[in-house]
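Visitor: Handing you a structure now.
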Amino acid sequence: MAHVLAQLRQARVRGQARRAGLRQAPATLSGKPEGISAQQQDKRNGDWLKVKLRRSQEAVICGFTEPSGSRTGFGALILGVYENKQLRYIGNCGSGFNDRVLADLHKKMKRLSRKTKPFGKDIAVANESKANWTTPKLVCEVYYSEWTLQEHLRHPVFKGLRDDKSAAEVRMEKEQMRETERELRFGSKKLKLTNLNKIYWPDSGITKGELLAYYEKVGDHMLPYLKDKPISMHRFPNGIDKPGFFQKDVDPDQLPRWIKTASILSESTGKNTDYIICNHLASLLFIANLGSIEINPWLASYRKMEYPEFAVLDLDPNGVDFGLLVEVARTASTLLDEIGITGFIKTSGSTGLHIYFYLARRYPFDLARNFIELLAQFIHERHPEDTSLVRDPKKRKGKIYLDFLQNRRGQTVAAPYSVRPKPMATVSAPLHWDELKTSFTIQDFTIQNMASRLSADDPWQEIWDHPINLKEVIQQF
C-alpha cells in the first residue's frame, strides 16, 4: 500500500509539472531533479516533493519587432488574445529564444507577413515603429510573472509554439484578472492596490482597477506636470454616483515612508497644511488608490511657491454652446500668433478648455496673473457679447467666463491627463490647436483611448522648449 501511495504522489507531481509547463528537470550531482527538493513532512513516510510553479498563457503571434545589437531574426514577438472576436494586445515577448528558434520562427512569421496591424487602430503597441505585422495564425505559449494593471504580460518568456491550438481559440486566462488586490514593487517601494473590481463609473461599468491601469499607462507623460507640486485630491472612494470630497491635508505618519510630503503655511488659516508631493509613478498610483479620480496640482512647486511654472487661462462655458467656446479658443490662438508667443491648449475634462503658458518659474504670480488678465481682456474685446471677465456667475449668465484668477498661490487646476469624475471617465486632454473644430467634444477623450492617442502623438511634447518672456510680452500690449 505504501508503495502505491508513493507512486500516486509521484504521478501527482508530474501532473503538476506538466500543467505548469515545466520540462523534465535534468538530474543534478545528487541524483535528484534540479528545482525539486525532497523534504520530510512531520513524521509521515515517503518523500514530499515541492514544485515551483510558473504561470503560463497561450498567445497569438501578431507580429514582431526588428532585432537590435547582435541579435538576429527578430527582437520580440507581438502578442495578442481574442476577446469578443477581436484581437486584444497583451504585450511583447523578447526572451526565451536561442539562435535556432529565432531563425526558424522568423521564417514562419515572414511567410505570414502583412502590411496592416491586426489590432484596432486605437490600440497602442510597444515599439510599434519597429513592428512587422503578421497574419494572426501562429499560436505560442509563454511563461510570465503576473499581469500588469493594463493587463499586459509582465516578464514573458517564450516557451514554444502550440500546433494543437487554433488562433481563434486563444483567450486570456482569467484567474489573474479576478484579483481584487494587487501588490506592486517599484525598487524598494511597495504598494498595495485594493478593491480593483469596485465600479467607479456605474453607467459604463468602469472599475477602480481600470482607473489605476490608466494612470500607470500615462504616468510618464503626466508626472512632469506634477513634479514638486502640492497635490489636492478629489476623492470618490465609492464611485462617482456617491458623494466625493476634496483633501489636501494628510497625516505624514499614516503614509508609507517613501511618500514625500511638504508642510506649507496656509495664508488663509495661518496653519500648516501637509500636502502629498507626487514625483514618481508609485506616488501617483498611491493617490489614485485612495479613490482620488482627479489629480489637481498647484501651478507652482513647493520649492518656489511664489513663482509658478505655468500660467493658465480657463475658458469656462457656463452653459454656453460648445461650438461658441471653440470659436473663442480659436480667437485666442489667433491673438497668440499676432503677439508671437506659444500657448498650449487642453480640455478641462469637464466642460471647458485651459490654455497653458510655460513660465519656467521665472516670474511671480502677480506678473503671471496680470499677463493672463490682459490676454483675457483682448479676447473679450473681440467677443464682447459672448464672454465675461466677471467672477460672479449670476452676472455672467449665458457668457463664457475668461477666468484669470486661477493664477494665485495655492490654486489648483486639473493636471494634463487627469481623469475627471464625469460620465465616460473623460480626461483633461492636451490638444493641437488645429483640433479645435465644431465636431470636437470633451467626450472624445477618455481613459479608454488616451493612452493609445499618446503612443502615436503627444501634442504638448514641445511645451518645455517654449518658455515665454513675460516682461517682453506685457510690453507688447
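How things are named: the first chain in the C-alpha cells is A, the next is B, and so on; residues count from 1 in each chain; ligands count from 1 in the order shown.
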Could you give me the residues within stretch 392-455 of chain A that DSSP places in strand (DSSP E), as a list in words?

Guide: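 In stretch 392-455 of chain A, DSSP puts these residues in strand (DSSP E): Ile400, Tyr401, Leu402, Asp403, Pro430 and Leu431 of chain A.
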
Visitor: Suppose we keep N, CA, C and O atoms; can you now write the selection as a PDB file, in the first residue's frame?

Guide:
```
ATOM      1  N   ILE A 400     -19.291  83.083 -21.723  1.00  0.00           N
ATOM      2  CA  ILE A 400     -18.092  82.306 -21.389  1.00  0.00           C
ATOM      3  C   ILE A 400     -17.237  83.118 -20.425  1.00  0.00           C
ATOM      4  O   ILE A 400     -16.912  84.284 -20.688  1.00  0.00           O
ATOM      5  N   TYR A 401     -16.888  82.516 -19.313  1.00  0.00           N
ATOM      6  CA  TYR A 401     -16.080  83.203 -18.307  1.00  0.00           C
ATOM      7  C   TYR A 401     -14.602  83.019 -18.635  1.00  0.00           C
ATOM      8  O   TYR A 401     -14.106  81.894 -18.726  1.00  0.00           O
ATOM      9  N   LEU A 402     -13.910  84.122 -18.808  1.00  0.00           N
ATOM     10  CA  LEU A 402     -12.467  84.105 -19.060  1.00  0.00           C
ATOM     11  C   LEU A 402     -11.762  84.246 -17.712  1.00  0.00           C
ATOM     12  O   LEU A 402     -11.484  85.356 -17.244  1.00  0.00           O
ATOM     13  N   ASP A 403     -11.514  83.130 -17.089  1.00  0.00           N
ATOM     14  CA  ASP A 403     -11.046  83.097 -15.698  1.00  0.00           C
ATOM     15  C   ASP A 403      -9.526  83.215 -15.646  1.00  0.00           C
ATOM     16  O   ASP A 403      -8.798  82.293 -16.019  1.00  0.00           O
ATOM     17  N   PRO A 430      -4.537  67.185 -23.471  1.00  0.00           N
ATOM     18  CA  PRO A 430      -3.784  68.130 -24.292  1.00  0.00           C
ATOM     19  C   PRO A 430      -4.139  67.973 -25.772  1.00  0.00           C
ATOM     20  O   PRO A 430      -4.322  66.855 -26.263  1.00  0.00           O
ATOM     21  N   LEU A 431      -4.209  69.098 -26.472  1.00  0.00           N
ATOM     22  CA  LEU A 431      -4.647  69.114 -27.869  1.00  0.00           C
ATOM     23  C   LEU A 431      -3.658  69.876 -28.733  1.00  0.00           C
ATOM     24  O   LEU A 431      -2.857  70.679 -28.244  1.00  0.00           O
TER      25      LEU A 431
END
```

Visitor: May I have the residues within 10 Å of A:Glu128 as a list in words, using only C-alpha atoms and disregarding those fewer than 2 positions away in the same chain?

Guide: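 The residues satisfying every condition are Gly63, Phe64, Thr65, Ile78, Lys117, Ala124, Val125, Ala126, Lys130, Ala131, Asn132, Trp133, Ser455 and Ala456 of chain A.
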
Visitor: Which residue gives the smallest distance to A:Asn197 among A:Asn272, A:Thr180, A:Gln476, A:Asn296, with only C-alpha atoms counted?

Guide: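 Checking each of A:Asn272, A:Thr180, A:Gln476, A:Asn296 against A:Asn197, counting only C-alpha atoms, the winner is A:Thr180.
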
Visitor: I'd like the interatomic distance between atom CA of A:Ser301 and atom CA of A:Lys227, to a tenth of an Å.

Guide: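 According to the coordinates, atom CA of A:Ser301 and atom CA of A:Lys227 are separated by 7.5 Å.
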